[in-house]
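Participant: Please find one structure pasted underneath; my questions will follow.
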Amino acid sequence: MLSHAARPNPRPFRENRFLQGLCAAYALVWALTAIRPLYPGDWVMENLLVVLSVGGLAWTYRRFPLSDLSYLLIAAFLALHAVGAHYTYSNVPIGFWMKAHWGLARNPFDRIVHFSFGLLLAYPVREVFMRVARTRGFWNYYLPLDVVLAASAVYEIIESTTARLSAPELGDAFLGTQGDIWDAQKDMTAAAVGAVLTMLIVALVRRLNRMPEPAD
């Protein structure tokens, strides 16, 4: 059974078979999507934050390991990002299928990943607040949303600045705006909706299971 935020059950990495398998699965996805990316320069830029994030998770594991569920959600998001980095977000094949099948104006994969940023990462953020700041009640649900919104905004700023300064020739391929001047705002909205949905699901599960707030 997966450990979760209320019962993280930290274990050394060598004893955590689930986490070992998760790392191997993600490494395989990353390696496959690193083969002949559509725009190699864009792929490198897209993976700079990935390297820092994975390195940070590995570095903090010994002192502050998260629950299995949090690592699963993080890995799922990183896998989606790996696919987007391989093709560039506006050129992912399944997005073109969705565009044609549903009559959309643009490839929606980029928006789906931003939605997934909130949906999949709000829970790990909530776990950190619960265990470090000992948050309870309303703050357990508001602060993860707040962090997702802030992180999404900071990412949009970093993304646009990096594209202008280091690789202006990549332009739309890196930003994935697809001609939409409101793309950044819509991406942040998608992330916020994903985070709100996750918090609602967590609240519903806790209510159905009548789970008490974790003790200090």
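For the structure tokens, the naming scheme is as follows: chains receive sequential letters (A, B, ...) according to their order of presentation, residues are indexed from 1 within each chain, and ligands are indexed from 1 in presentation order.
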Tell me which protein, DNA and RNA residues are within 6 Å of stretch 65-73 of chain A, counting only C-alpha atoms, leaving out same-chain ones fewer than 6 positions away, and put them as a list in words.

Facilitator: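 These residues fall inside the cut-off: Leu2, Ser3, His4, Ala5, Pro8, Pro10, Leu120 and Pro124 of chain A.
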
Participant: Would you compute the distance between atom CA of A:Val154 and atom CA of A:Gly194? Give it in Å to one decimal.

Facilitator: 17.2 Å

Participant: So how far away is atom CA of A:Met199 from atom CA of A:Tyr141, in Å?

Facilitator: 5.8 Å

Participant: Applying 12 Å and only C-alpha atoms, which residues near A:Thr135 remain after dropping the ones on its own chain fewer than 2 positions away? List them as a PyMOL selection string.

Facilitator: chain A and resi 6+125-133+137-144+213-216

Participant: Env of stretch 95-99 of chain A: 10 Å cut, atoms = only C-alpha atoms, seq-sep filter 4 positions within chain, self excluded. Answer as a ChimeraX atom specification.

Facilitator: /A:89-91,103-112

Participant: In stretch 7-204 of chain A, what's helix (DSSP H, G or I) per DSSP? Answer as a PyMOL selection string?

Facilitator: chain A and resi 13-15+17-33+40-61+68-87+89-91+93-102+109-133+139-166+172-175+183-204
